[in-house]
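Asks: Structure supplied as upload.txt; contents: compact mmCIF, C-alpha atoms and all ligand atoms.
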```txt
# COMPACT_ATOMS: atom_id res chain seq x y z
CA MET A 37 121.18 288.79 113.64
CA LYS A 38 122.64 285.39 112.70
CA THR A 39 120.46 283.02 110.71
CA ILE A 40 118.87 280.03 112.49
CA LYS A 41 121.39 277.75 110.78
CA GLU A 42 124.30 279.80 112.08
CA LEU A 43 122.83 279.95 115.57
CA LEU A 44 122.48 276.17 115.60
CA ARG A 45 126.09 275.71 114.49
CA ALA A 46 127.20 277.99 117.31
CA LYS A 47 125.19 276.08 119.92
CA ARG A 48 126.42 272.77 118.54
CA ASP A 49 129.97 273.99 119.10
CA GLY A 50 129.24 275.05 122.67
CA HIS A 51 128.84 278.83 122.24
CA ASN A 52 126.28 280.75 124.27
CA TRP A 53 123.45 282.72 122.67
CA THR A 54 122.61 286.29 123.65
CA ALA A 55 119.16 287.05 125.13
CA ALA A 56 118.21 288.67 121.80
CA GLU A 57 119.25 285.51 119.93
CA VAL A 58 117.19 283.30 122.25
CA GLU A 59 114.18 285.58 121.76
CA PHE A 60 114.66 285.58 117.98
CA PHE A 61 114.85 281.78 117.97
CA VAL A 62 111.72 281.33 120.14
CA ASN A 63 109.74 283.75 117.95
CA SER A 64 110.93 281.90 114.85
CA VAL A 65 109.74 278.59 116.31
CA VAL A 66 106.27 280.06 116.93
CA THR A 67 105.90 281.75 113.54
CA GLY A 68 107.26 278.70 111.71
CA ALA A 69 110.31 280.58 110.42
CA ALA A 70 112.31 277.91 112.27
CA SER A 71 111.25 274.39 111.26
CA ASN A 72 110.54 271.51 113.69
CA ALA A 73 113.84 269.95 112.55
CA GLN A 74 115.68 273.12 113.58
CA ALA A 75 113.81 273.29 116.88
CA ALA A 76 114.72 269.65 117.58
CA ALA A 77 118.36 270.36 116.70
CA PHE A 78 118.37 273.21 119.23
CA LEU A 79 116.88 270.94 121.90
CA MET A 80 119.52 268.26 121.35
CA ALA A 81 122.32 270.82 121.38
CA ALA A 82 120.91 272.35 124.57
CA CYS A 83 121.00 268.91 126.19
CA THR A 84 124.53 268.06 125.10
CA ARG A 85 126.09 271.54 125.50
CA GLY A 86 123.88 272.96 128.27
CA LEU A 87 122.30 276.40 128.69
CA ASN A 88 123.69 279.06 130.98
CA THR A 89 121.61 281.01 133.51
CA MET A 90 121.14 283.97 131.16
CA GLU A 91 119.97 281.70 128.32
CA ILE A 92 117.53 279.90 130.66
CA ALA A 93 116.07 283.22 131.83
CA ALA A 94 115.75 284.46 128.24
CA LEU A 95 114.16 281.18 127.11
CA THR A 96 111.65 281.40 129.96
CA SER A 97 110.64 285.01 129.33
CA SER A 98 110.47 284.58 125.53
CA MET A 99 108.33 281.46 125.82
CA ALA A 100 106.03 283.14 128.38
CA ALA A 101 105.72 286.15 126.07
CA SER A 102 105.01 283.96 123.01
CA GLY A 103 101.29 283.93 123.86
CA ALA A 104 98.67 285.73 125.91
CA GLN A 105 98.87 286.49 129.63
CA LEU A 106 95.97 285.80 131.94
CA GLY A 107 96.36 288.91 134.09
CA ARG A 108 96.52 289.21 137.87
CA GLY A 109 93.69 289.64 140.33
CA LEU A 110 90.90 288.08 138.26
CA SER A 111 89.71 285.99 141.17
CA SER A 112 88.93 287.64 144.50
CA ARG A 113 91.23 284.99 146.02
CA LYS A 114 95.01 284.55 146.06
CA ALA A 115 96.08 282.69 142.91
CA ILE A 116 98.41 279.81 143.82
CA ASP A 117 99.36 276.99 141.47
CA LYS A 118 101.36 273.79 141.80
CA HIS A 119 103.48 272.07 139.15
CA SER A 120 105.46 268.84 139.18
CA THR A 121 108.76 268.19 137.45
CA GLY A 122 107.23 264.92 136.21
CA GLY A 123 106.56 261.53 137.72
CA VAL A 124 105.00 258.12 137.21
CA GLY A 125 101.46 257.74 138.49
CA ASP A 126 101.58 261.43 139.32
CA LYS A 127 97.90 262.29 139.65
CA ILE A 128 98.57 264.77 142.46
CA SER A 129 97.36 267.89 140.57
CA LEU A 130 93.99 266.22 140.04
CA VAL A 131 93.55 265.61 143.76
CA LEU A 132 95.19 268.81 144.93
CA THR A 133 93.34 271.37 142.80
CA PRO A 134 89.87 270.69 144.29
CA ILE A 135 91.34 270.66 147.80
CA ALA A 136 93.18 273.96 147.26
CA VAL A 137 90.00 275.55 145.88
CA GLU A 138 88.05 274.30 148.91
CA CYS A 139 90.77 275.84 151.11
CA GLY A 140 89.87 279.25 149.67
CA LEU A 141 92.52 279.65 146.95
CA ALA A 142 92.26 280.30 143.23
CA VAL A 143 94.08 277.74 141.07
CA PRO A 144 94.60 278.76 137.43
CA MET A 145 96.29 275.58 136.23
CA ILE A 146 98.13 275.23 132.91
CA SER A 147 99.57 271.73 132.87
CA GLY A 148 101.59 269.61 130.46
CA ARG A 149 101.02 266.44 128.46
CA GLY A 150 102.97 263.21 128.80
CA LEU A 151 106.69 263.93 128.57
CA GLY A 152 109.38 261.31 128.02
CA HIS A 153 108.46 258.35 130.22
CA THR A 154 106.17 260.42 132.49
CA GLY A 155 102.44 261.05 132.25
CA GLY A 156 100.86 264.50 131.94
CA THR A 157 97.85 266.04 133.65
CA THR A 158 96.48 267.36 130.34
CA ASP A 159 96.34 263.84 128.83
CA LYS A 160 94.73 262.51 132.01
CA LEU A 161 92.02 265.18 131.91
CA GLU A 162 91.39 264.45 128.22
CA SER A 163 90.66 260.81 129.08
CA VAL A 164 87.32 262.13 130.39
CA GLN A 165 85.04 262.18 127.37
CA GLY A 166 84.35 265.72 126.15
CA PHE A 167 86.70 267.48 128.59
CA GLN A 168 88.18 270.59 126.92
CA THR A 169 91.80 271.35 127.81
CA ILE A 170 91.97 274.24 125.35
CA LEU A 171 89.67 277.15 126.16
CA PRO A 172 89.35 280.67 124.76
CA MET A 173 90.87 283.37 126.96
CA ASP A 174 87.55 284.92 127.98
CA GLN A 175 86.26 281.53 129.16
CA MET A 176 89.38 280.90 131.25
CA GLN A 177 89.02 284.35 132.78
CA GLN A 178 85.32 283.82 133.46
CA LEU A 179 85.99 280.45 135.14
CA LEU A 180 88.56 282.10 137.35
CA VAL A 181 86.27 284.97 138.32
CA GLU A 182 83.26 282.74 139.01
CA HIS A 183 84.74 279.42 140.17
CA HIS A 184 88.37 280.26 141.05
CA THR A 185 89.87 277.54 138.88
CA PHE A 186 90.33 276.00 135.46
CA MET A 187 92.57 273.19 134.25
CA VAL A 188 93.98 273.60 130.74
CA GLY A 189 97.06 272.72 128.67
CA GLN A 190 99.46 274.82 126.63
CA SER A 191 97.78 275.99 123.43
CA ASP A 192 98.30 278.25 120.43
CA LEU A 193 97.06 280.98 122.78
CA ILE A 194 99.00 280.34 125.99
CA ALA A 195 102.74 279.54 125.96
CA PRO A 196 102.60 278.31 122.32
CA ALA A 197 106.41 278.12 122.19
CA ASP A 198 106.37 275.63 125.08
CA LYS A 199 103.60 273.69 123.33
CA ILE A 200 105.82 273.22 120.25
CA LEU A 201 109.10 272.52 122.06
CA TYR A 202 107.44 270.27 124.66
CA ARG A 203 105.93 268.04 121.97
CA LEU A 204 109.32 267.72 120.30
CA ARG A 205 111.15 267.04 123.58
CA ASP A 206 108.68 264.25 124.35
CA VAL A 207 109.80 262.23 121.32
CA THR A 208 113.43 263.26 120.78
CA GLY A 209 115.09 262.22 124.04
CA THR A 210 115.62 265.85 125.03
CA VAL A 211 113.71 266.08 128.30
CA GLU A 212 116.36 265.72 131.00
CA ASN A 213 117.97 269.15 130.99
CA VAL A 214 117.79 271.72 133.80
CA GLY A 215 117.36 274.72 131.49
CA LEU A 216 114.70 273.13 129.30
CA ILE A 217 112.69 271.90 132.30
CA ALA A 218 112.95 275.18 134.24
CA SER A 219 111.95 277.31 131.24
CA SER A 220 109.16 274.96 130.17
CA ILE A 221 107.53 275.00 133.60
CA LEU A 222 108.01 278.67 134.42
CA SER A 223 106.99 279.94 130.97
CA LYS A 224 103.54 278.44 131.62
CA LYS A 225 103.36 279.57 135.22
CA LEU A 226 104.39 283.17 134.45
CA THR A 227 101.34 283.59 132.22
CA GLU A 228 98.91 282.66 135.01
CA GLY A 229 99.03 285.89 137.04
CA LEU A 230 100.10 283.96 140.16
CA ASP A 231 100.62 285.14 143.72
CA GLY A 232 102.67 282.02 144.45
CA LEU A 233 103.83 278.70 143.06
CA VAL A 234 104.47 275.34 144.74
CA MET A 235 106.87 273.01 142.91
CA ASP A 236 106.81 269.26 143.44
CA MET A 237 110.48 268.45 142.73
CA LYS A 238 110.61 264.75 141.92
CA VAL A 239 113.85 262.96 142.82
CA GLY A 240 114.70 259.33 142.06
CA SER A 241 115.07 256.60 139.48
CA ALA A 242 111.75 257.44 137.77
CA ALA A 243 112.26 261.24 137.85
CA PHE A 244 114.03 263.39 135.25
CA MET A 245 116.40 264.50 138.00
CA GLN A 246 117.51 261.25 139.57
CA SER A 247 119.77 262.65 142.28
CA PHE A 248 118.96 265.21 144.94
CA ASP A 249 121.92 267.31 143.74
CA ASP A 250 120.49 267.56 140.21
CA SER A 251 117.05 268.35 141.54
CA ARG A 252 118.53 271.04 143.80
CA GLN A 253 120.34 272.55 140.81
CA LEU A 254 117.02 272.71 138.93
CA ALA A 255 115.39 274.35 141.95
CA GLU A 256 118.19 276.92 142.14
CA GLU A 257 117.72 277.90 138.48
CA MET A 258 113.98 278.19 139.00
CA LEU A 259 114.46 280.21 142.16
CA ARG A 260 116.69 282.71 140.35
CA ILE A 261 113.95 283.32 137.76
CA CYS A 262 111.19 283.54 140.37
CA LYS A 263 113.23 286.04 142.41
CA ALA A 264 113.74 288.19 139.30
CA CYS A 265 109.96 288.11 138.71
CA SER A 266 109.12 288.51 142.44
CA LEU A 267 107.09 285.31 142.36
CA PRO A 268 107.06 283.56 145.77
CA ILE A 269 107.88 279.88 145.34
CA THR A 270 108.09 276.79 147.54
CA PHE A 271 109.94 273.63 146.50
CA VAL A 272 108.84 270.31 147.97
CA PHE A 273 111.34 267.57 147.08
CA THR A 274 109.60 264.20 146.88
CA ARG A 275 110.79 260.64 146.24
CA MET A 276 110.03 259.25 142.76
CA ASP A 277 111.30 255.66 142.62
CA THR A 278 108.10 253.63 142.89
CA VAL A 279 104.74 254.38 141.23
CA ILE A 280 102.79 257.05 143.10
CA GLY A 281 99.55 255.49 144.36
CA ASN A 282 97.94 252.48 142.73
CA SER A 283 97.70 253.34 139.03
CA VAL A 284 99.60 254.37 135.91
CA GLY A 285 97.62 255.48 132.86
CA ASN A 286 95.32 258.33 131.94
CA TRP A 287 91.77 257.24 132.83
CA VAL A 288 92.81 254.90 135.65
CA GLU A 289 94.60 257.81 137.31
CA MET A 290 91.48 259.99 137.00
CA VAL A 291 89.57 257.24 138.80
CA GLU A 292 92.24 256.98 141.49
CA ALA A 293 92.15 260.77 141.97
CA GLU A 294 88.40 260.63 142.54
CA GLN A 295 88.74 257.72 144.99
CA THR A 296 91.46 259.60 146.88
CA LEU A 297 89.23 262.64 147.25
CA ALA A 298 86.48 260.34 148.52
CA GLY A 299 88.84 259.18 151.29
CA ASN A 300 90.07 255.95 149.70
CA GLY A 301 93.53 257.02 148.56
CA TRP A 302 96.83 255.25 149.09
CA GLU A 303 99.00 256.71 151.82
CA ASP A 304 101.68 258.14 149.55
CA VAL A 305 99.14 260.09 147.45
CA ASN A 306 97.54 261.40 150.66
CA GLU A 307 100.93 262.41 152.07
CA ILE A 308 102.17 264.32 149.01
CA THR A 309 98.81 265.99 148.38
CA LYS A 310 98.48 267.14 151.97
CA GLN A 311 101.98 268.63 152.15
CA LEU A 312 101.57 270.46 148.84
CA ALA A 313 98.16 271.78 149.92
CA ILE A 314 99.67 273.06 153.18
CA GLU A 315 102.38 274.86 151.19
CA MET A 316 99.77 276.39 148.87
CA VAL A 317 97.72 277.64 151.82
CA LEU A 318 100.86 279.11 153.45
CA LEU A 319 101.80 280.88 150.20
CA GLY A 320 98.26 282.22 149.93
CA GLY A 321 98.73 283.84 153.34
CA GLU A 322 95.37 282.44 154.43
CA VAL A 323 96.68 281.38 157.82
CA ALA A 324 99.37 282.54 160.22
CA ASN A 325 101.39 279.36 160.61
CA GLU A 326 101.97 275.77 159.50
CA ASP A 327 99.78 274.22 162.23
CA LEU A 328 96.80 276.30 161.14
CA ALA A 329 97.48 275.45 157.49
CA GLU A 330 97.61 271.78 158.40
CA LYS A 331 94.29 272.07 160.24
CA LYS A 332 92.62 273.88 157.36
CA VAL A 333 93.80 271.28 154.83
CA SER A 334 92.86 268.33 157.09
CA ASP A 335 89.36 269.74 157.62
CA VAL A 336 88.82 270.07 153.87
CA ILE A 337 90.18 266.58 153.17
CA SER A 338 88.03 264.92 155.82
CA SER A 339 84.90 266.82 154.72
CA GLY A 340 85.07 265.03 151.34
CA ARG A 341 83.97 268.26 149.61
CA GLY A 342 86.82 267.83 147.14
CA VAL A 343 84.93 265.09 145.26
CA THR A 344 82.09 267.45 144.38
CA THR A 345 84.54 270.17 143.34
CA PHE A 346 86.47 267.63 141.22
CA HIS A 347 83.29 266.71 139.32
CA ASP A 348 82.25 270.36 139.05
CA ILE A 349 85.61 271.23 137.41
CA LEU A 350 85.19 268.37 134.92
CA LYS A 351 81.57 269.27 134.08
CA ARG A 352 82.29 272.98 133.62
CA GLN A 353 84.89 272.12 130.96
CA GLY A 354 82.60 269.67 129.14
CA GLY A 355 83.67 266.38 130.75
CA ASP A 356 81.22 263.46 130.87
CA TRP A 357 82.52 261.19 133.64
CA ASP A 358 79.76 258.56 133.35
CA ALA A 359 80.25 258.15 129.60
CA SER A 360 83.98 257.42 130.12
CA ALA A 361 83.24 255.04 133.00
CA LYS A 362 80.82 253.10 130.76
CA LYS A 363 83.39 252.88 127.95
CA PHE A 364 86.04 251.68 130.39
CA GLU A 365 83.81 248.74 131.38
CA ARG A 366 84.17 247.44 127.82
CA VAL A 367 87.98 247.69 127.40
CA PHE A 368 90.24 244.62 127.52
CA SER A 369 91.77 243.67 130.85
CA LYS A 370 94.15 241.00 132.17
CA ASP A 371 95.02 240.15 135.75
CA ILE A 372 98.65 239.86 136.79
CA VAL A 373 99.14 237.02 139.25
CA GLY A 374 101.99 237.22 141.74
CA LEU A 375 103.67 234.44 143.68
CA ALA A 376 103.22 234.16 147.45
CA GLY A 377 105.77 236.38 149.24
CA ALA A 378 106.71 240.03 149.19
CA VAL A 379 105.37 242.02 146.25
CA PRO A 380 108.46 243.18 144.34
CA HIS A 381 109.42 246.80 143.90
CA VAL A 382 108.95 247.20 140.15
CA ASP A 383 110.93 249.88 138.34
CA ALA A 384 108.40 252.71 137.90
CA ARG A 385 110.13 254.06 134.80
CA GLU A 386 109.93 250.69 133.03
CA LEU A 387 106.28 250.28 134.04
CA SER A 388 105.44 253.68 132.66
CA LEU A 389 107.19 252.91 129.37
CA ALA A 390 105.18 249.67 129.12
CA VAL A 391 101.94 251.67 129.50
CA LEU A 392 103.20 254.15 126.90
CA ARG A 393 103.83 251.28 124.44
CA ALA A 394 100.31 249.96 125.12
CA GLY A 395 98.98 253.30 123.84
CA GLY A 396 99.02 255.39 127.02
CA GLY A 397 101.63 257.82 125.60
CA ARG A 398 103.19 258.97 122.34
CA GLN A 399 106.13 257.44 120.49
CA ILE A 400 105.93 260.08 117.73
CA GLU A 401 104.22 263.48 117.91
CA THR A 402 101.15 262.43 115.90
CA ASP A 403 100.29 259.32 117.96
CA VAL A 404 96.73 259.26 119.28
CA ILE A 405 96.56 258.20 122.92
CA ASP A 406 94.46 255.30 124.17
CA PRO A 407 92.95 256.91 127.30
CA PHE A 408 92.25 253.52 128.84
CA ALA A 409 95.71 251.93 128.56
CA GLY A 410 96.97 251.49 132.11
CA ILE A 411 97.78 249.44 135.18
CA VAL A 412 95.96 249.32 138.49
CA PHE A 413 97.80 247.73 141.41
CA HIS A 414 95.84 245.92 144.10
CA LYS A 415 98.90 245.49 146.28
CA LYS A 416 101.64 247.94 147.26
CA PRO A 417 105.32 247.16 146.68
CA PHE A 418 106.63 245.18 149.66
CA ASP A 419 103.11 244.03 150.75
CA VAL A 420 103.08 240.35 151.58
CA LEU A 421 100.96 237.98 149.47
CA GLU A 422 99.85 235.05 151.62
CA HIS A 423 98.95 232.94 148.56
CA ASP A 424 99.60 233.32 144.86
CA GLY A 425 97.13 236.06 143.93
CA VAL A 426 96.24 239.02 141.75
CA VAL A 427 98.73 241.86 142.22
CA ALA A 428 97.54 244.16 139.43
CA THR A 429 95.20 244.44 136.45
CA VAL A 430 96.25 245.87 133.09
CA TYR A 431 93.92 247.54 130.59
CA ALA A 432 93.98 248.61 126.93
CA SER A 433 91.42 249.29 124.20
CA LEU A 434 93.11 246.87 121.77
CA PRO A 435 93.39 243.18 122.77
CA GLU A 436 96.92 242.77 121.40
CA LYS A 437 98.13 245.82 123.34
CA CYS A 438 96.52 244.49 126.51
CA LEU A 439 98.23 241.12 126.06
CA ALA A 440 101.60 242.77 125.37
CA LEU A 441 101.21 244.94 128.48
CA GLN A 442 100.34 241.89 130.56
CA ARG A 443 103.52 240.13 129.36
CA GLU A 444 105.69 243.16 130.04
CA VAL A 445 104.33 243.68 133.55
CA GLU A 446 104.65 239.98 134.36
CA GLN A 447 108.28 240.11 133.31
CA LEU A 448 108.93 243.23 135.36
CA LEU A 449 107.36 241.59 138.41
CA GLN A 450 109.85 238.74 138.10
CA THR A 451 112.83 241.04 138.61
CA THR A 452 112.43 241.10 142.36
CA MET A 453 114.48 243.59 144.32
CA ALA A 454 115.52 243.37 147.97
CA PRO A 455 112.40 243.73 150.11
CA VAL A 456 112.13 246.86 152.24
CA VAL A 457 109.98 246.51 155.33
CA GLU A 458 108.51 249.97 155.56
CA GLU A 459 107.89 252.41 152.73
CA PRO A 460 109.75 255.65 153.54
CA SER A 461 108.04 259.05 153.55
CA ARG A 462 107.89 260.57 150.08
CA ILE A 463 108.85 264.02 151.38
CA ILE A 464 112.61 264.64 151.33
CA ASP A 465 112.95 268.39 151.93
CA ILE A 466 111.08 271.70 151.66
CA TRP A 467 112.48 275.11 150.61
CA ARG A 468 110.41 278.26 150.88
CA TRP A 469 111.08 281.65 149.32
CA GLY A 470 109.01 284.82 149.37
N1 LIG B 501 106.67 269.83 133.33
C1 LIG B 501 106.75 270.74 132.34
O1 LIG B 501 105.82 271.50 132.10
N2 LIG B 501 107.88 270.80 131.60
C2 LIG B 501 108.94 270.00 131.83
O2 LIG B 501 109.94 270.11 131.15
C3 LIG B 501 108.86 269.05 132.87
C4 LIG B 501 107.70 268.98 133.61
```
How would this structure read if it were set down as structure tokens?
Replies:
Amino acid sequence: MKTIKELLRAKRDGHNWTAAEVEFFVNSVVTGAASNAQAAAFLMAACTRGLNTMEIAALTSSMAASGAQLGRGLSSRKAIDKHSTGGVGDKISLVLTPIAVECGLAVPMISGRGLGHTGGTTDKLESVQGFQTILPMDQMQQLLVEHHTFMVGQSDLIAPADKILYRLRDVTGTVENVGLIASSILSKKLTEGLDGLVMDMKVGSAAFMQSFDDSRQLAEEMLRICKACSLPITFVFTRMDTVIGNSVGNWVEMVEAEQTLAGNGWEDVNEITKQLAIEMVLLGGEVANEDLAEKKVSDVISSGRGVTTFHDILKRQGGDWDASAKKFERVFSKDIVGLAGAVPHVDARELSLAVLRAGGGRQIETDVIDPFAGIVFHKKPFDVLEHDGVVATVYASLPEKCLALQREVEQLLQTTMAPVVEEPSRIIDIWRWG
């Protein structure tokens, strides 16, 4: 076997690795035989030189095998999960999981942290005081048996290779690569003992895959791996140009998720959540056709039972919602005033980066996140303001960060784009396999 240094030279020069070399490299990353510098060098070379289908498959299976597997059939229900390729204001997993559980599915969810300019479900969950995103295996299994769900992140136990590489990708500009995204997502999902997976494939200016063609290429790579593992998968391609819903930030998105489950969500969040829930129910084989799936999901959504399940999930994993809500009342806030006229379409990527700089994400691996840094919009893009009025409120735990965020958002709001009369549907296309 070549040394890590030799392997890196080969990848730098555009040579492919064998499956055994990929496996050796992944194991070396986990044991520490390959340093973080070497792992980062691999990631950059993978982005500039690309990974072929065989390398992507080997990366996925080696990363999945780098930790423990949950095992199939722990819950009496069909285990169906959903994962997103990454968006801005993407709180869909938080809304969807309680709904899917109420629809009679098991949802063993291993999610990611903030990545590049996008937020991560794990960071959002950790904004709830006390919430544990790392659990021992027996506790995850027990939650699945008794309550049909848990929500955790990658850990030293589950997909540890993805945990290490993901953290490095976040801060080294090495996110936007089909092979790295496909293997990162599927390595986590293959440990969950799933009966099916629904992928929310984000497409647009604030997605990692900005064009539909790139997103389709990512889906094709993922499909190849899922076929080889006999894992049924559905891809829902959704638009990711403007912020999803009314908030960007960790705690503010938790609050929006709760409000959505209580029936007060913005239309785009409702639309994406409902379609993904329908696809999960169809994959679970709970109903015979799409109309019945739609009815089942609509009944659960209108019952409002999801709010109770949402709080139950948080409590079972140690979360203290009220304590976080009280703390949030004391953080710094500034209103953003807009001029009378159409509310501009603000670049979601830039907004997300502004929240990240205010403390909502990491600039280097060791940064500690401010759970309260964020933006809440009171108006949708393209809404009409009759008079000059408050369009959004920004929040941060440190006054100087709050002020800086206010200035950045005010500036972004000044770069008005051509008004669009009606917001288009977020759903672009759906592919089903299995
Ligand atoms: N989600 C992941 O888990 N990994 C990625 O690379 C992108 C989104």
Asks: Which distance in Å separates CA of Gly321 (chain A) and CA of Leu267 (chain A), to one decimal?
Replies: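 Calculated distance between CA of Gly321 (chain A) and CA of Leu267 (chain A) is 13.9 Å.
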Asks: Applying 8 Å and all atoms listed in the file, which residues near Ile135 (chain A) remain after dropping the ones on its own chain fewer than 6 positions away? List them as a ChimeraX atom specification.
Replies: /A:313,333,336-337,341-342
Asks: Which of these, A:Lys47, A:Asp371, A:Asp335, A:Asp465, has the shortest distance to Leu439 (chain A) once you count all atoms listed in the file?
Replies: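 The shortest atom-to-atom distance to Leu439 (chain A) comes from A:Asp371.
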Asks: Which of these residues is nearest to ligand LIG 501 (chain B), using all atoms listed in the file: A:Pro460, A:Gly122, A:Gly425, A:Pro417?
Replies: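 Using all atoms listed in the file, the shortest distance to ligand LIG 501 (chain B) belongs to A:Gly122.
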Asks: Given a cut-off of 10 Å, what residues near ligand LIG 501 (chain B) show up using all atoms listed in the file, put as a PyMOL selection string?
Replies: chain A and resi 119-123+146-152+154-157+189-190+198-199+201-202+205-206+210-225+236-238+243-244
Asks: From the options A:Leu421, A:Val58, A:Val131, A:Leu226, which residue's atoms come nearest to Ala100 (chain A), counting all atoms listed in the file?
Replies: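 Checking each of A:Leu421, A:Val58, A:Val131, A:Leu226 against Ala100 (chain A), counting all atoms listed in the file, the winner is A:Leu226.
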Asks: Please provide the set of residues having any atom within 10 Å of region 254-266 of chain A, restricted to all atoms listed in the file, with same-chain residues fewer than 2 positions apart removed, written as a PDB file with C-alpha atoms, in the frame of the given file.
Replies:
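Heads up, here's the output in out-v4.pdb:
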```pdb
ATOM      1  CA  ASN A  88     123.690 279.060 130.980  1.00  0.00           C
ATOM      2  CA  THR A  89     121.610 281.010 133.510  1.00  0.00           C
ATOM      3  CA  MET A  90     121.140 283.970 131.160  1.00  0.00           C
ATOM      4  CA  ILE A  92     117.530 279.900 130.660  1.00  0.00           C
ATOM      5  CA  ALA A  93     116.070 283.220 131.830  1.00  0.00           C
ATOM      6  CA  ALA A  94     115.750 284.460 128.240  1.00  0.00           C
ATOM      7  CA  THR A  96     111.650 281.400 129.960  1.00  0.00           C
ATOM      8  CA  SER A  97     110.640 285.010 129.330  1.00  0.00           C
ATOM      9  CA  THR A 121     108.760 268.190 137.450  1.00  0.00           C
ATOM     10  CA  ASN A 213     117.970 269.150 130.990  1.00  0.00           C
ATOM     11  CA  VAL A 214     117.790 271.720 133.800  1.00  0.00           C
ATOM     12  CA  GLY A 215     117.360 274.720 131.490  1.00  0.00           C
ATOM     13  CA  LEU A 216     114.700 273.130 129.300  1.00  0.00           C
ATOM     14  CA  ILE A 217     112.690 271.900 132.300  1.00  0.00           C
ATOM     15  CA  ALA A 218     112.950 275.180 134.240  1.00  0.00           C
ATOM     16  CA  SER A 219     111.950 277.310 131.240  1.00  0.00           C
ATOM     17  CA  ILE A 221     107.530 275.000 133.600  1.00  0.00           C
ATOM     18  CA  LEU A 222     108.010 278.670 134.420  1.00  0.00           C
ATOM     19  CA  LEU A 226     104.390 283.170 134.450  1.00  0.00           C
ATOM     20  CA  ASP A 231     100.620 285.140 143.720  1.00  0.00           C
ATOM     21  CA  GLY A 232     102.670 282.020 144.450  1.00  0.00           C
ATOM     22  CA  LEU A 233     103.830 278.700 143.060  1.00  0.00           C
ATOM     23  CA  MET A 235     106.870 273.010 142.910  1.00  0.00           C
ATOM     24  CA  MET A 237     110.480 268.450 142.730  1.00  0.00           C
ATOM     25  CA  MET A 245     116.400 264.500 138.000  1.00  0.00           C
ATOM     26  CA  PHE A 248     118.960 265.210 144.940  1.00  0.00           C
ATOM     27  CA  ASP A 249     121.920 267.310 143.740  1.00  0.00           C
ATOM     28  CA  ASP A 250     120.490 267.560 140.210  1.00  0.00           C
ATOM     29  CA  SER A 251     117.050 268.350 141.540  1.00  0.00           C
ATOM     30  CA  ARG A 252     118.530 271.040 143.800  1.00  0.00           C
ATOM     31  CA  PRO A 268     107.060 283.560 145.770  1.00  0.00           C
ATOM     32  CA  ILE A 269     107.880 279.880 145.340  1.00  0.00           C
ATOM     33  CA  THR A 270     108.090 276.790 147.540  1.00  0.00           C
ATOM     34  CA  PHE A 271     109.940 273.630 146.500  1.00  0.00           C
ATOM     35  CA  VAL A 272     108.840 270.310 147.970  1.00  0.00           C
ATOM     36  CA  PHE A 273     111.340 267.570 147.080  1.00  0.00           C
ATOM     37  CA  TRP A 467     112.480 275.110 150.610  1.00  0.00           C
ATOM     38  CA  ARG A 468     110.410 278.260 150.880  1.00  0.00           C
ATOM     39  CA  TRP A 469     111.080 281.650 149.320  1.00  0.00           C
ATOM     40  CA  GLY A 470     109.010 284.820 149.370  1.00  0.00           C
TER      41      GLY A 470
END
```
Asks: Nearest to Lys363 (chain A): which of A:Ala432, A:Ile466, A:Ala73, A:Leu387 is it, counting all atoms listed in the file?
Replies: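 Comparing A:Ala432, A:Ile466, A:Ala73, A:Leu387 against Lys363 (chain A), the winner is A:Ala432.
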